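S.K.: Here you go, run13.csv (CSV, C-alpha atoms and all ligand atoms):
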chain,number,residue,atom,x,y,z
Q,1,MET,CA,-20.1,-11.5,61.9
Q,2,PHE,CA,-17.4,-11.6,64.6
Q,3,LYS,CA,-16.5,-14.2,67.1
Q,4,LYS,CA,-17.9,-13.8,70.6
Q,5,PRO,CA,-15.7,-11.8,73.0
Q,6,ALA,CA,-15.3,-14.9,75.2
Q,7,LEU,CA,-13.5,-16.7,72.3
Q,8,VAL,CA,-11.3,-13.6,71.7
Q,9,ALA,CA,-10.4,-13.8,75.4
Q,10,VAL,CA,-9.6,-17.5,75.0
Q,11,VAL,CA,-7.2,-16.8,72.1
Q,12,ALA,CA,-5.5,-14.1,74.2
Q,13,ALA,CA,-5.3,-16.4,77.1
Q,14,ALA,CA,-3.8,-19.1,74.9
Q,15,ALA,CA,-1.3,-16.6,73.6
Q,16,LEU,CA,-0.3,-15.6,77.1
Q,17,ALA,CA,-0.1,-19.1,78.5
Q,18,LEU,CA,1.9,-20.5,75.6
Q,19,SER,CA,4.1,-17.5,75.3
Q,20,ALA,CA,5.5,-18.5,78.7
Q,21,CYS,CA,6.9,-21.6,77.0
Q,22,GLY,CA,9.8,-19.6,75.6
Q,23,SER,CA,11.0,-18.6,72.2
Q,24,SER,CA,9.9,-20.7,69.3
Q,25,THR,CA,11.7,-20.9,65.9
Q,26,LEU,CA,9.5,-20.1,63.0
Q,27,GLY,CA,10.1,-22.0,59.8
Q,28,GLY,CA,9.5,-20.9,56.3
Q,29,GLY,CA,5.8,-21.8,56.4
Q,30,SER,CA,3.7,-24.1,54.4
Q,31,THR,CA,3.7,-24.6,50.6
Q,32,PRO,CA,0.3,-24.0,49.1
Q,33,THR,CA,-0.5,-25.8,45.8
Q,34,VAL,CA,0.2,-23.5,42.9
Q,35,ALA,CA,-2.7,-23.4,40.3
Q,36,SER,CA,-1.5,-24.5,36.9
Q,37,LYS,CA,-2.6,-22.1,34.2
Q,38,PRO,CA,-5.7,-20.7,35.8
Q,39,THR,CA,-8.0,-18.6,33.6
Q,40,PHE,CA,-9.7,-15.3,34.5
Q,41,ALA,CA,-12.0,-12.8,33.1
Q,42,ALA,CA,-10.4,-10.6,30.4
Q,43,GLY,CA,-9.2,-7.3,31.9
Q,44,SER,CA,-9.4,-8.4,35.5
Q,45,THR,CA,-6.7,-7.8,38.0
Q,46,MET,CA,-6.5,-11.6,38.4
Q,47,GLU,CA,-5.8,-12.0,34.7
Q,48,LYS,CA,-3.2,-9.2,34.7
Q,49,LEU,CA,-1.3,-10.7,37.7
Q,50,SER,CA,-1.6,-14.3,36.5
Q,51,GLN,CA,-0.2,-13.4,33.1
Q,52,ALA,CA,2.6,-11.3,34.5
Q,53,GLY,CA,3.5,-14.3,36.7
Q,54,LYS,CA,4.4,-12.1,39.6
Q,55,ILE,CA,2.8,-10.1,42.4
Q,56,THR,CA,4.0,-7.5,44.9
Q,57,ILE,CA,2.7,-8.0,48.4
Q,58,GLY,CA,3.1,-5.5,51.3
Q,59,THR,CA,3.5,-7.0,54.7
Q,60,LYS,CA,5.2,-6.3,58.1
Q,61,PHE,CA,8.9,-7.1,58.5
Q,62,ASP,CA,9.2,-6.7,62.3
Q,63,GLN,CA,6.3,-8.7,63.7
Q,64,PRO,CA,7.1,-12.2,64.9
Q,65,LEU,CA,4.3,-14.8,64.1
Q,66,PHE,CA,2.6,-12.7,61.4
Q,67,GLY,CA,5.3,-11.0,59.3
Q,68,GLN,CA,9.0,-10.9,60.2
Q,69,LYS,CA,12.0,-10.8,57.9
Q,70,GLY,CA,13.8,-14.1,58.0
Q,71,PRO,CA,17.5,-14.8,57.6
Q,72,ASP,CA,17.2,-15.2,53.8
Q,73,GLY,CA,15.6,-11.8,53.5
Q,74,ASN,CA,12.1,-13.0,52.9
Q,75,PRO,CA,9.4,-12.5,55.6
Q,76,VAL,CA,7.8,-15.4,57.5
Q,77,GLY,CA,4.5,-15.5,59.4
Q,78,PHE,CA,0.8,-16.1,59.1
Q,79,ASP,CA,0.2,-13.0,56.9
Q,80,VAL,CA,3.0,-14.2,54.6
Q,81,GLU,CA,1.3,-17.6,54.2
Q,82,ILE,CA,-2.0,-16.0,53.4
Q,83,GLY,CA,-0.2,-13.9,50.7
Q,84,LYS,CA,1.3,-17.1,49.3
Q,85,ILE,CA,-2.1,-18.8,49.1
Q,86,ILE,CA,-3.5,-15.9,47.1
Q,87,ALA,CA,-0.5,-15.9,44.8
Q,88,ALA,CA,-0.7,-19.7,44.4
Q,89,ASP,CA,-4.3,-19.4,43.3
Q,90,LEU,CA,-3.2,-17.0,40.6
Q,91,GLY,CA,-0.6,-19.5,39.4
Q,92,ILE,CA,2.3,-17.6,41.0
Q,93,THR,CA,5.0,-19.5,42.9
Q,94,PRO,CA,6.4,-18.1,46.2
Q,95,ASP,CA,9.7,-17.2,44.5
Q,96,LYS,CA,7.8,-14.8,42.2
Q,97,ILE,CA,6.4,-12.8,45.0
Q,98,GLN,CA,8.0,-9.5,45.7
Q,99,TRP,CA,7.7,-8.7,49.4
Q,100,VAL,CA,7.6,-5.1,50.3
Q,101,GLU,CA,7.7,-3.8,53.8
Q,102,THR,CA,4.6,-1.8,54.7
Q,103,ILE,CA,4.3,-0.1,58.0
Q,104,SER,CA,1.0,0.9,59.6
Q,105,ALA,CA,1.1,4.5,58.4
Q,106,ASN,CA,1.8,3.8,54.7
Q,107,ARG,CA,-0.5,0.9,53.8
Q,108,GLU,CA,-3.3,2.9,52.2
Q,109,GLU,CA,-0.8,5.1,50.3
Q,110,PHE,CA,1.1,2.1,49.0
Q,111,ILE,CA,-2.1,0.5,47.7
Q,112,LYS,CA,-3.4,3.8,46.2
Q,113,GLN,CA,-0.1,4.4,44.4
Q,114,GLY,CA,0.2,0.9,43.1
Q,115,LYS,CA,3.4,0.2,45.0
Q,116,VAL,CA,1.9,-3.1,46.1
Q,117,ASP,CA,-0.9,-5.2,44.5
Q,118,ILE,CA,-2.2,-6.3,47.9
Q,119,VAL,CA,-1.4,-5.7,51.6
Q,120,VAL,CA,-1.5,-8.6,54.1
Q,121,ALA,CA,-0.1,-6.9,57.3
Q,122,THR,CA,-2.2,-7.3,60.5
Q,123,TYR,CA,-4.4,-4.7,58.7
Q,124,THR,CA,-7.7,-4.0,60.5
Q,125,ILE,CA,-10.7,-3.5,58.3
Q,126,SER,CA,-12.2,-0.1,59.2
Q,127,ASP,CA,-14.7,2.2,57.7
Q,128,LYS,CA,-12.2,5.1,57.7
Q,129,ARG,CA,-9.7,3.0,55.7
Q,130,LYS,CA,-12.5,1.7,53.4
Q,131,GLU,CA,-12.7,5.3,52.1
Q,132,VAL,CA,-9.3,4.9,50.6
Q,133,VAL,CA,-8.9,1.1,49.9
Q,134,SER,CA,-11.0,-2.0,49.7
Q,135,PHE,CA,-10.7,-5.1,51.9
Q,136,ALA,CA,-11.2,-8.8,51.3
Q,137,GLY,CA,-11.6,-10.9,54.5
Q,138,PRO,CA,-11.5,-10.8,57.4
Q,139,TYR,CA,-9.2,-13.8,57.5
Q,140,TYR,CA,-8.4,-13.5,61.2
Q,141,GLU,CA,-9.8,-11.6,64.2
Q,142,ALA,CA,-7.3,-10.1,66.7
Q,143,GLY,CA,-8.1,-7.7,69.6
Q,144,GLN,CA,-6.2,-4.9,71.3
Q,145,ALA,CA,-4.1,-5.7,74.4
Q,146,LEU,CA,-1.4,-4.2,76.5
Q,147,MET,CA,2.2,-5.4,77.1
Q,148,VAL,CA,4.2,-4.4,80.2
Q,149,ASN,CA,7.6,-5.3,81.7
Q,150,LYS,CA,7.5,-8.7,83.3
Q,151,GLY,CA,6.3,-8.5,86.9
Q,152,ASP,CA,4.6,-5.1,86.6
Q,153,THR,CA,1.1,-5.5,87.9
Q,154,SER,CA,0.3,-1.8,88.0
Q,155,ILE,CA,-1.5,-2.1,84.6
Q,156,THR,CA,-4.0,-4.9,84.1
Q,157,LYS,CA,-6.7,-3.1,82.1
Q,158,PRO,CA,-6.9,-0.3,79.6
Q,159,GLU,CA,-8.4,2.1,82.2
Q,160,ASP,CA,-5.1,1.9,84.1
Q,161,VAL,CA,-3.2,3.7,81.4
Q,162,ALA,CA,-5.0,7.1,81.7
Q,163,GLY,CA,-2.3,9.7,81.9
Q,164,LYS,CA,0.5,7.1,81.5
Q,165,LYS,CA,3.0,6.8,78.6
Q,166,VAL,CA,2.0,4.2,76.2
Q,167,CYS,CA,4.0,3.3,73.1
Q,168,SER,CA,2.2,2.4,69.8
Q,169,VAL,CA,2.5,2.9,66.1
Q,170,THR,CA,1.5,6.0,64.1
Q,171,GLY,CA,-1.4,5.2,61.8
Q,172,SER,CA,-2.6,2.1,63.7
Q,173,THR,CA,-6.1,1.6,65.2
Q,174,PRO,CA,-4.7,0.7,68.7
Q,175,ALA,CA,-2.8,4.0,68.9
Q,176,ALA,CA,-6.0,5.9,68.2
Q,177,THR,CA,-8.1,3.9,70.7
Q,178,ILE,CA,-5.7,4.2,73.6
Q,179,VAL,CA,-5.7,8.0,73.3
Q,180,ASP,CA,-9.4,8.6,72.4
Q,181,LYS,CA,-11.0,6.0,74.7
Q,182,TYR,CA,-8.5,5.6,77.5
Q,183,GLN,CA,-6.7,9.0,77.7
Q,184,ALA,CA,-3.2,7.6,77.5
Q,185,VAL,CA,-0.2,9.8,76.6
Q,186,LEU,CA,0.8,8.3,73.3
Q,187,VAL,CA,4.5,7.8,72.5
Q,188,PRO,CA,4.3,7.2,68.8
Q,189,VAL,CA,6.9,5.2,66.8
Q,190,GLY,CA,7.0,3.9,63.2
Q,191,LYS,CA,7.0,0.1,63.9
Q,192,TYR,CA,6.1,-2.0,66.9
Q,193,ALA,CA,9.7,-3.3,67.4
Q,194,ASP,CA,10.7,0.3,68.1
Q,195,CYS,CA,8.5,0.2,71.3
Q,196,LEU,CA,10.6,-2.6,72.9
Q,197,GLU,CA,13.6,-0.6,74.1
Q,198,PRO,CA,11.5,2.3,75.5
Q,199,LEU,CA,9.5,-0.3,77.5
Q,200,ARG,CA,12.5,-2.1,78.7
Q,201,ASN,CA,14.1,1.2,79.8
Q,202,HIS,CA,10.9,2.3,81.5
Q,203,GLN,CA,10.6,5.3,79.2
Q,204,VAL,CA,7.1,4.1,78.6
Q,205,ASP,CA,4.7,2.3,80.9
Q,206,ALA,CA,3.2,-0.1,78.3
Q,207,VAL,CA,3.0,-1.0,74.7
Q,208,THR,CA,-0.3,-1.4,73.0
Q,209,THR,CA,-1.4,-3.1,69.8
Q,210,ASP,CA,-3.1,-6.4,68.8
Q,211,ASN,CA,-2.8,-9.3,71.2
Q,212,VAL,CA,-1.2,-11.6,68.6
Q,213,ILE,CA,1.5,-9.1,67.8
Q,214,LEU,CA,2.3,-8.6,71.5
Q,215,ALA,CA,2.2,-12.4,72.0
Q,216,GLY,CA,5.0,-12.7,69.4
Q,217,PHE,CA,7.2,-10.2,71.3
Q,218,VAL,CA,6.5,-11.9,74.6
Q,219,ASP,CA,7.3,-15.3,73.0
Q,220,LYS,CA,10.8,-14.0,72.0
Q,221,GLU,CA,11.5,-12.4,75.3
Q,222,PRO,CA,9.5,-14.1,78.0
Q,223,ASP,CA,11.8,-13.0,80.8
Q,224,ALA,CA,11.5,-9.3,79.8
Q,225,PHE,CA,7.8,-8.7,78.8
Q,226,MET,CA,4.3,-10.0,79.6
Q,227,LEU,CA,0.8,-9.3,78.5
Q,228,ALA,CA,-1.0,-7.1,81.0
Q,229,SER,CA,-4.1,-9.3,80.9
Q,230,ASP,CA,-5.5,-12.3,79.0
Q,231,THR,CA,-8.4,-10.3,77.7
Q,232,THR,CA,-8.7,-7.9,74.7
Q,233,PHE,CA,-10.6,-4.7,74.5
Q,234,THR,CA,-11.3,-4.1,70.8
Q,235,LYS,CA,-12.0,-6.2,67.8
Q,236,GLU,CA,-9.4,-6.1,65.0
Q,237,PRO,CA,-10.6,-8.0,62.0
Q,238,TYR,CA,-7.7,-8.5,59.6
Q,239,GLY,CA,-8.4,-7.8,56.0
Q,240,ILE,CA,-6.4,-8.0,52.7
Q,241,GLY,CA,-6.1,-4.5,51.4
Q,242,LEU,CA,-6.4,-3.9,47.7
Q,243,LYS,CA,-7.2,-1.0,45.3
Q,244,LYS,CA,-10.5,0.7,46.2
Q,245,ASP,CA,-13.5,-0.6,44.3
Q,246,ASP,CA,-11.7,-3.5,42.5
Q,247,THR,CA,-14.8,-5.5,43.5
Q,248,ALA,CA,-14.1,-8.5,41.2
Q,249,PHE,CA,-10.6,-8.9,42.8
Q,250,ARG,CA,-12.0,-8.5,46.3
Q,251,ASN,CA,-14.7,-11.1,45.6
Q,252,TRP,CA,-12.2,-13.5,44.1
Q,253,ILE,CA,-9.9,-13.2,47.1
Q,254,ASN,CA,-12.8,-13.9,49.4
Q,255,ASP,CA,-13.5,-17.0,47.4
Q,256,GLN,CA,-9.9,-18.1,47.8
Q,257,LEU,CA,-10.0,-17.6,51.5
Q,258,GLU,CA,-13.1,-19.8,51.7
Q,259,ALA,CA,-11.4,-22.5,49.5
Q,260,ALA,CA,-8.3,-22.3,51.6
Q,261,GLU,CA,-10.2,-23.0,54.8
Q,262,LYS,CA,-12.1,-25.9,53.1
Q,263,GLY,CA,-9.0,-27.4,51.6
Q,264,GLY,CA,-6.8,-27.1,54.7
Q,265,ALA,CA,-4.3,-24.5,53.4
Q,266,TYR,CA,-5.6,-22.0,56.0
Q,267,LYS,CA,-5.0,-24.4,58.8
Q,268,SER,CA,-1.5,-25.3,57.6
Q,269,ALA,CA,-0.7,-21.6,57.2
Q,270,TRP,CA,-1.6,-21.1,60.8
Q,271,GLU,CA,0.1,-24.2,62.2
Q,272,SER,CA,3.4,-23.5,60.4
Q,273,THR,CA,3.6,-20.0,61.7
Q,274,ALA,CA,1.6,-18.3,64.5
Q,275,GLY,CA,0.2,-21.6,65.6
Q,276,LYS,CA,3.6,-22.6,66.9
Q,277,VAL,CA,3.0,-20.2,69.8
Q,278,ILE,CA,-0.8,-19.7,69.7
Q,279,LYS,CA,-2.1,-23.2,69.8
Q,280,THR,CA,-5.8,-22.4,69.2
Q,281,VAL,CA,-6.4,-22.9,65.5
Q,282,PRO,CA,-8.7,-20.1,64.4
Q,283,SER,CA,-11.5,-20.8,62.0
Q,284,LEU,CA,-12.0,-18.3,59.1
Q,285,PRO,CA,-14.3,-15.5,60.4
Q,286,ALA,CA,-17.5,-14.8,58.5
Q,287,LEU,CA,-16.4,-12.8,55.4
Q,288,ASN,CA,-17.4,-9.2,55.1
Q,289,ARG,CA,-18.7,-9.4,51.5
Q,290,TYR,CA,-19.8,-5.8,51.1
H,1,LIG,N1,-4.5,-4.2,63.4
H,1,LIG,C1,-4.1,-2.8,63.8
H,1,LIG,C2,-4.1,-1.9,62.7
H,1,LIG,O1,-4.3,-2.3,61.5
H,1,LIG,C3,-2.8,-2.8,64.6
H,1,LIG,C4,-1.7,-3.6,63.9
H,1,LIG,C5,-0.9,-2.7,62.9
H,1,LIG,O2,-0.7,-1.6,63.1
H,1,LIG,O3,-0.6,-3.3,61.9
H,1,LIG,O4,-3.9,-0.7,62.8
Kindly present the structure from the file in structure tokens form.

M.R.:
Amino acid sequence: MFKKPALVAVVAAAALALSACGSSTLGGGSTPTVASKPTFAAGSTMEKLSQAGKITIGTKFDQPLFGQKGPDGNPVGFDVEIGKIIAADLGITPDKIQWVETISANREEFIKQGKVDIVVATYTISDKRKEVVSFAGPYYEAGQALMVNKGDTSITKPEDVAGKKVCSVTGSTPAATIVDKYQAVLVPVGKYADCLEPLRNHQVDAVTTDNVILAGFVDKEPDAFMLASDTTFTKEPYGIGLKKDDTAFRNWINDQLEAAEKGGAYKSAWESTAGKVIKTVPSLPALNRY
């Protein structure tokens, strides 16, 4: 169901190569066509949201390319565009989306408590998380990587961080992997942007998370940071988190992802955001219709 590692490496390499081009300005994204008066099964989450005419979506606010708060207060990025596509298919215009910042550690709780209707936030589908929430998707597949200070060649692979200080985010899959599999000394923070100063000041040796998140930071500060390597060492399939066992909603979102790829909205979503830095346009991964 996942892309071959070679392709993951190509995406990482593209991210690395293109990030060297310097900082890019991300615009407000694409404008998906808003469905006019769509109808849904009585009692479904789709009907409820569509009739309310509004939706609350959790996303990241500090991650360039996928979800970063813009000057007007609204986030921009590929995750934000995916959220807009789902909203549009419910007949909800972008101005009726309430964006809520979710950090890695609170996504399951926010979904469980109903603080958000869905989460689109570089959110890896995992069996552990599936015990608490359900996932549509994946709509993208990232992979874990390492970021170091520019010119530092002492770390080129995950095995090099054993016993070294590595910054990552509490509640994320990369934080767990770097400790459990590679024996790093984790320096945990709440958001990835909080890792940047510690890295710059050499309080940590590296930052670890998904390649595309790190590519966004390198793109903003190509003179300060670089990816340690152009390969990735895990698979991080991004899903859309929703209330556990809302199967009708999950299936419907999966249908919308497929339609968005067929109709071109998926490609526009990419090209107007992350695609400005990562030129390889992804294709929608095989959906995990469990
Ligand atoms: N995709 C990984 C995760 O969901 C890392 C990115 C993040 O923390 O949002 O844990």

S.K.: Counting all atoms listed in the file, which of Q:Thr208, Q:Asn254, Q:Thr173, Q:Ser44 gets nearest to ligand LIG 1 (chain H)?

M.R.: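 Of Q:Thr208, Q:Asn254, Q:Thr173, Q:Ser44, the one nearest ligand LIG 1 (chain H), counting all atoms listed in the file, is Q:Thr173.
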
S.K.: Select the residues contacting ligand LIG 1 (chain H) at a distance of at most 8 Å, based on only C-alpha atoms and all ligand atoms, then format the selection as a PyMOL selection string.

M.R.: chain Q and resi 60+103-105+121-125+142-144+169-175+191-192+209-210+213+236-238

S.K.: Using all atoms listed in the file, find each residue of stretch 110-208 of chain Q with at least one atom at most 12 Å away from an atom of stretch 69-88 of chain Q; report its shortest atom-to-atom pair and that distance in Å (one decimal), sort the rows by chain and rising residue number, and return the result as a tab-separated table.

M.R.:
residue	atom	partner	partner_atom	distance
Q:Val116	CA	Q:Gly83	CA	11.9
Q:Asp117	CA	Q:Gly83	CA	10.7
Q:Ile118	CA	Q:Gly83	CA	8.3
Q:Val119	CA	Q:Gly83	CA	8.3
Q:Val120	CA	Q:Asp79	CA	5.5
Q:Ala121	CA	Q:Asp79	CA	6.1
Q:Thr122	CA	Q:Asp79	CA	7.2
Q:Tyr123	CA	Q:Asp79	CA	9.7
Q:Ala136	CA	Q:Ile86	CA	11.3
Q:Gly137	CA	Q:Ile82	CA	10.9
Q:Pro138	CA	Q:Ile82	CA	11.5
Q:Tyr139	CA	Q:Ile82	CA	8.6
Q:Tyr140	CA	Q:Asp79	CA	9.6

S.K.: Keeping only C-alpha atoms, write those residues as a short mmCIF file (atom, residue, chain, number, x, y, z; two decimals), in the frame of the given file.

M.R.:
data_model
loop_
_atom_site.label_atom_id
_atom_site.label_comp_id
_atom_site.auth_asym_id
_atom_site.auth_seq_id
_atom_site.Cartn_x
_atom_site.Cartn_y
_atom_site.Cartn_z
CA VAL Q 116 1.90 -3.10 46.10
CA ASP Q 117 -0.90 -5.20 44.50
CA ILE Q 118 -2.20 -6.30 47.90
CA VAL Q 119 -1.40 -5.70 51.60
CA VAL Q 120 -1.50 -8.60 54.10
CA ALA Q 121 -0.10 -6.90 57.30
CA THR Q 122 -2.20 -7.30 60.50
CA TYR Q 123 -4.40 -4.70 58.70
CA ALA Q 136 -11.20 -8.80 51.30
CA GLY Q 137 -11.60 -10.90 54.50
CA PRO Q 138 -11.50 -10.80 57.40
CA TYR Q 139 -9.20 -13.80 57.50
CA TYR Q 140 -8.40 -13.50 61.20
#

S.K.: Which residues of stretch 36-95 of chain Q come within 10 Å of stretch 193-197 of chain Q, and what is each one's closest atom pair and distance in Å (one decimal), counting all atoms listed in the file, sorted by chain and residue number, as JSON lines?

M.R.:
{"residue": "Q:Phe61", "atom": "CA", "partner": "Q:Ala193", "partner_atom": "CA", "distance": 9.7}
{"residue": "Q:Asp62", "atom": "CA", "partner": "Q:Ala193", "partner_atom": "CA", "distance": 6.1}
{"residue": "Q:Gln63", "atom": "CA", "partner": "Q:Ala193", "partner_atom": "CA", "distance": 7.4}
{"residue": "Q:Pro64", "atom": "CA", "partner": "Q:Ala193", "partner_atom": "CA", "distance": 9.6}

S.K.: Pull C-alpha atoms from the residues just selected and write them as a PDB file, in the frame of the given file.

M.R.:
ATOM      1  CA  PHE Q  61       8.900  -7.100  58.500  1.00  0.00           C
ATOM      2  CA  ASP Q  62       9.200  -6.700  62.300  1.00  0.00           C
ATOM      3  CA  GLN Q  63       6.300  -8.700  63.700  1.00  0.00           C
ATOM      4  CA  PRO Q  64       7.100 -12.200  64.900  1.00  0.00           C
TER       5      PRO Q  64
END

S.K.: Nearest to Q:Thr56 among Q:Leu227, Q:Leu146, Q:Ala162, Q:Leu242, with distances taken over all atoms listed in the file: which residue is it?

M.R.: Q:Leu242

S.K.: By how many Å are atom CA of Q:Lys115 and atom CA of Q:Lys244 apart?

M.R.: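 Spanning atom CA of Q:Lys115 to atom CA of Q:Lys244 is a straight-line distance of 14.0 Å.
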
S.K.: Give me, as a PyMOL selection string, all polymer residues having an atom no more than 9 Å from Q:Leu199, counting all atoms listed in the file and skipping those fewer than 3 positions away in the same chain.

M.R.: chain Q and resi 147-149+166-167+195-196+202-207+225

S.K.: Give as a ChimeraX atom specification each residue that has an atom at most 10 Å from (2.8, -20.0, 61.3) in the file, counting only C-alpha atoms.

M.R.: /Q:26-30,64-67,76-81,267-278

S.K.: Please, which residues are within 12 Å of (-2.7, 5.7, 46.3) by the file's coordinates, counting all atoms listed in the file, and could they come as number ranges by chain?

M.R.: Q: 106-117, 131-134, 241-244

S.K.: Pick the closest to Q:Pro222 from Q:Val281, Q:Ile240, Q:Lys150, Q:Pro188: which is it, counting all atoms listed in the file?

M.R.: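 Distance minimum relative to Q:Pro222 lands on Q:Lys150.
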
S.K.: One decimal, in Å: what's the spacing between atom CA of Q:Phe233 and atom CA of Q:Lys157?

M.R.: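 Going from atom CA of Q:Phe233 over to atom CA of Q:Lys157, I get 8.7 Å.
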
S.K.: Excluding Q:Ala259 and its own-chain neighbours fewer than 6 positions away, which residues fall within 12 Å of it when counting all atoms listed in the file? Please give them as JSON, numbers by chain.

M.R.: {"Q": [32, 33, 85, 86, 89, 252, 253, 265, 266, 267, 284]}
